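**Student:** This structure is in structure tokens; I'll ask about it shortly.
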Amino acid sequence: MALILRGFVLRLYQVGNFKAVILIAEDEVHIRNALQRNLIKAGFDVILASDGEETMVQFRANVVDLVVLDVLMPKLDGLQVCQLIRQESDVPIIMATVLGSPADRVTGLDLGANDYIVKPFSSRELIARIRSILRRVSPGVRGTLADRSVDTTVVSVGDLVLYPQTRKVYGQNAYIRLTEIEFYILYFLVQTPGQILTRENILQQVWGYTADADLNTKALDVHISRLRTKLGHSTVRIMTIQGHGYMLLAR
């Protein structure tokens, strides 16, 4: 069920019988059909699009809860579609790409994608990623930091000041613009300064991935790299502990 108010769509979530609508944008028909079958089996409603223009038509015509967006599509590519969607909506986006370099992954995240998955991938991995993202945005389902009502107390570490309620961060009295995911990674790290946090632990707390899930951690590494860049000359440092994970240090 949805209400349309002044051009915005408000989905009325009903815990227990909510069926998420996933828009699959993929130009290869065999991949598109296979994903449709597997996502329907997993309990999702699925809308299909075969190119960028059709993706925008379907997105604007339907109440969509998450978009799986192939990067290399005709007419409009996935990066262009991601930009257009972000001008209209904060709906979660997972980029699907054969482009595996860090620069390619950062481009998608820069444009507002929530996650990415590198082809070829299994339906099991995609479904796990979809479910973890929907847990963050669906009321009544708890498990990750983003699911919870985070402490509204202002958090200060080093020269950083975090405002959990508004997800804003200031460093040296200047506003640092972070994405939602970047904020929650930083918020989790500042809870335990000086302690090593494994990648699996961060994935569990921020994304909701279970420890035994067969999922890669490259997206986390990209977010950490971007977070370090944005923190710039801050006295707070995110250290890589080889073979273990990450640790936040503050002077």
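Following the order of the structure tokens, first chain is A, next is B, and so on, with residues numbered from 1 inside each chain and ligands from 1 in the order they appear.
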Mind the document's chain letters and residue numbers, and return as a count of residues only the residues of region 13-249 of chain A that DSSP labels strand (DSSP E or B).

**Tutor:** 51

**Student:** Residues near Asn62 (chain A), anyone? I mean within 9 Å using only C-alpha atoms, not counting same-chain ones fewer than 4 positions away, as a list in words.

**Tutor:**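 Listing them by chain and then by number gives Val21, Ile47, Val57 and Gln58 of chain A.
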
**Student:** Go ahead and write the selection's residues with C-alpha atoms as a short mmCIF file (atom, residue, chain, number, x, y, z; two decimals), in the first residue's frame.

**Tutor:**
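Just written: result-v9.cif:
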```cif
data_model
loop_
_atom_site.label_atom_id
_atom_site.label_comp_id
_atom_site.auth_asym_id
_atom_site.auth_seq_id
_atom_site.Cartn_x
_atom_site.Cartn_y
_atom_site.Cartn_z
CA VAL A 21 9.48 -4.30 -4.86
CA ILE A 47 9.94 -5.13 -12.05
CA VAL A 57 10.04 4.97 -16.95
CA GLN A 58 9.49 1.99 -14.64
#
```

**Student:** Find the spatial neighbours of Tyr116 (chain A), counting only C-alpha atoms, within a cut-off of 6 Å - ignore same-chain residues fewer than 3 positions away - and output them as a list in words.

**Tutor:**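 Selected residues are Ile94, Met95 and Ala96 of chain A.
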
**Student:** Residues at most 10 Å from Asp45 (chain A), counting only C-alpha atoms, excluding those fewer than 2 positions away in the same chain, as a PyMOL selection string?

**Tutor:** chain A and resi 19-23+36+39-43+47+64-65

**Student:** List the spatial neighbours of region 166-176 of chain A as an mmCIF file with N, CA and C atoms, in the first residue's frame - criterion: any atom at most 10 Å away, only C-alpha atoms, same-chain residues fewer than 5 positions off excluded.

**Tutor:**
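out.cif written:
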```cif
data_model
loop_
_atom_site.group_PDB
_atom_site.id
_atom_site.type_symbol
_atom_site.label_atom_id
_atom_site.label_comp_id
_atom_site.auth_asym_id
_atom_site.auth_seq_id
_atom_site.Cartn_x
_atom_site.Cartn_y
_atom_site.Cartn_z
ATOM 1 N N VAL A 150 19.796 5.339 17.140
ATOM 2 C CA VAL A 150 21.128 5.590 17.673
ATOM 3 C C VAL A 150 21.057 6.653 18.757
ATOM 4 N N THR A 152 21.253 9.832 20.722
ATOM 5 C CA THR A 152 21.208 11.204 20.223
ATOM 6 C C THR A 152 22.265 12.085 20.876
ATOM 7 N N VAL A 154 25.611 13.879 21.501
ATOM 8 C CA VAL A 154 26.703 14.293 20.625
ATOM 9 C C VAL A 154 27.971 13.526 21.011
ATOM 10 N N VAL A 155 28.672 13.007 20.012
ATOM 11 C CA VAL A 155 29.882 12.223 20.232
ATOM 12 C C VAL A 155 31.085 13.035 19.777
ATOM 13 N N SER A 156 32.099 13.129 20.635
ATOM 14 C CA SER A 156 33.313 13.862 20.311
ATOM 15 C C SER A 156 34.512 12.932 20.418
ATOM 16 N N VAL A 157 35.338 12.916 19.390
ATOM 17 C CA VAL A 157 36.558 12.120 19.412
ATOM 18 C C VAL A 157 37.617 12.882 18.619
ATOM 19 N N GLY A 158 38.786 13.086 19.244
ATOM 20 C CA GLY A 158 39.803 13.902 18.584
ATOM 21 C C GLY A 158 39.240 15.277 18.272
ATOM 22 N N ASP A 159 39.409 15.730 17.028
ATOM 23 C CA ASP A 159 38.841 17.011 16.632
ATOM 24 C C ASP A 159 37.499 16.862 15.918
ATOM 25 N N LEU A 160 36.922 15.639 15.952
ATOM 26 C CA LEU A 160 35.639 15.384 15.295
ATOM 27 C C LEU A 160 34.490 15.483 16.289
ATOM 28 N N VAL A 161 33.368 15.994 15.798
ATOM 29 C CA VAL A 161 32.128 16.016 16.573
ATOM 30 C C VAL A 161 31.040 15.388 15.709
ATOM 31 N N GLU A 182 28.996 5.963 5.142
ATOM 32 C CA GLU A 182 30.239 6.482 5.716
ATOM 33 C C GLU A 182 30.025 6.931 7.153
ATOM 34 N N PHE A 183 28.878 7.579 7.408
ATOM 35 C CA PHE A 183 28.617 8.025 8.777
ATOM 36 C C PHE A 183 28.530 6.839 9.733
ATOM 37 N N TYR A 184 27.784 5.801 9.340
ATOM 38 C CA TYR A 184 27.608 4.673 10.245
ATOM 39 C C TYR A 184 28.908 3.894 10.466
ATOM 40 N N LEU A 186 31.909 5.312 10.492
ATOM 41 C CA LEU A 186 32.657 6.155 11.437
ATOM 42 C C LEU A 186 32.043 6.076 12.828
ATOM 43 N N TYR A 187 30.720 6.120 12.906
ATOM 44 C CA TYR A 187 30.033 6.072 14.202
ATOM 45 C C TYR A 187 30.349 4.775 14.933
ATOM 46 N N LEU A 227 36.327 7.585 3.274
ATOM 47 C CA LEU A 227 36.191 8.209 4.589
ATOM 48 C C LEU A 227 37.507 8.844 5.028
ATOM 49 N N LYS A 230 37.994 12.099 3.176
ATOM 50 C CA LYS A 230 37.124 13.173 3.671
ATOM 51 C C LYS A 230 37.564 13.681 5.039
ATOM 52 N N LEU A 231 38.143 12.814 5.859
ATOM 53 C CA LEU A 231 38.628 13.254 7.166
ATOM 54 C C LEU A 231 39.867 14.138 7.020
ATOM 55 N N GLY A 232 40.573 13.991 5.904
ATOM 56 C CA GLY A 232 41.682 14.884 5.579
ATOM 57 C C GLY A 232 42.722 14.988 6.667
ATOM 58 N N HIS A 233 42.903 16.211 7.187
ATOM 59 C CA HIS A 233 43.938 16.472 8.178
ATOM 60 C C HIS A 233 43.426 16.338 9.614
ATOM 61 N N SER A 234 42.313 15.663 9.780
ATOM 62 C CA SER A 234 41.775 15.442 11.119
ATOM 63 C C SER A 234 42.794 14.712 11.999
ATOM 64 N N THR A 235 42.695 14.924 13.307
ATOM 65 C CA THR A 235 43.559 14.197 14.239
ATOM 66 C C THR A 235 43.085 12.752 14.425
ATOM 67 N N VAL A 236 41.947 12.418 13.840
ATOM 68 C CA VAL A 236 41.427 11.054 13.899
ATOM 69 C C VAL A 236 41.927 10.278 12.686
#
```
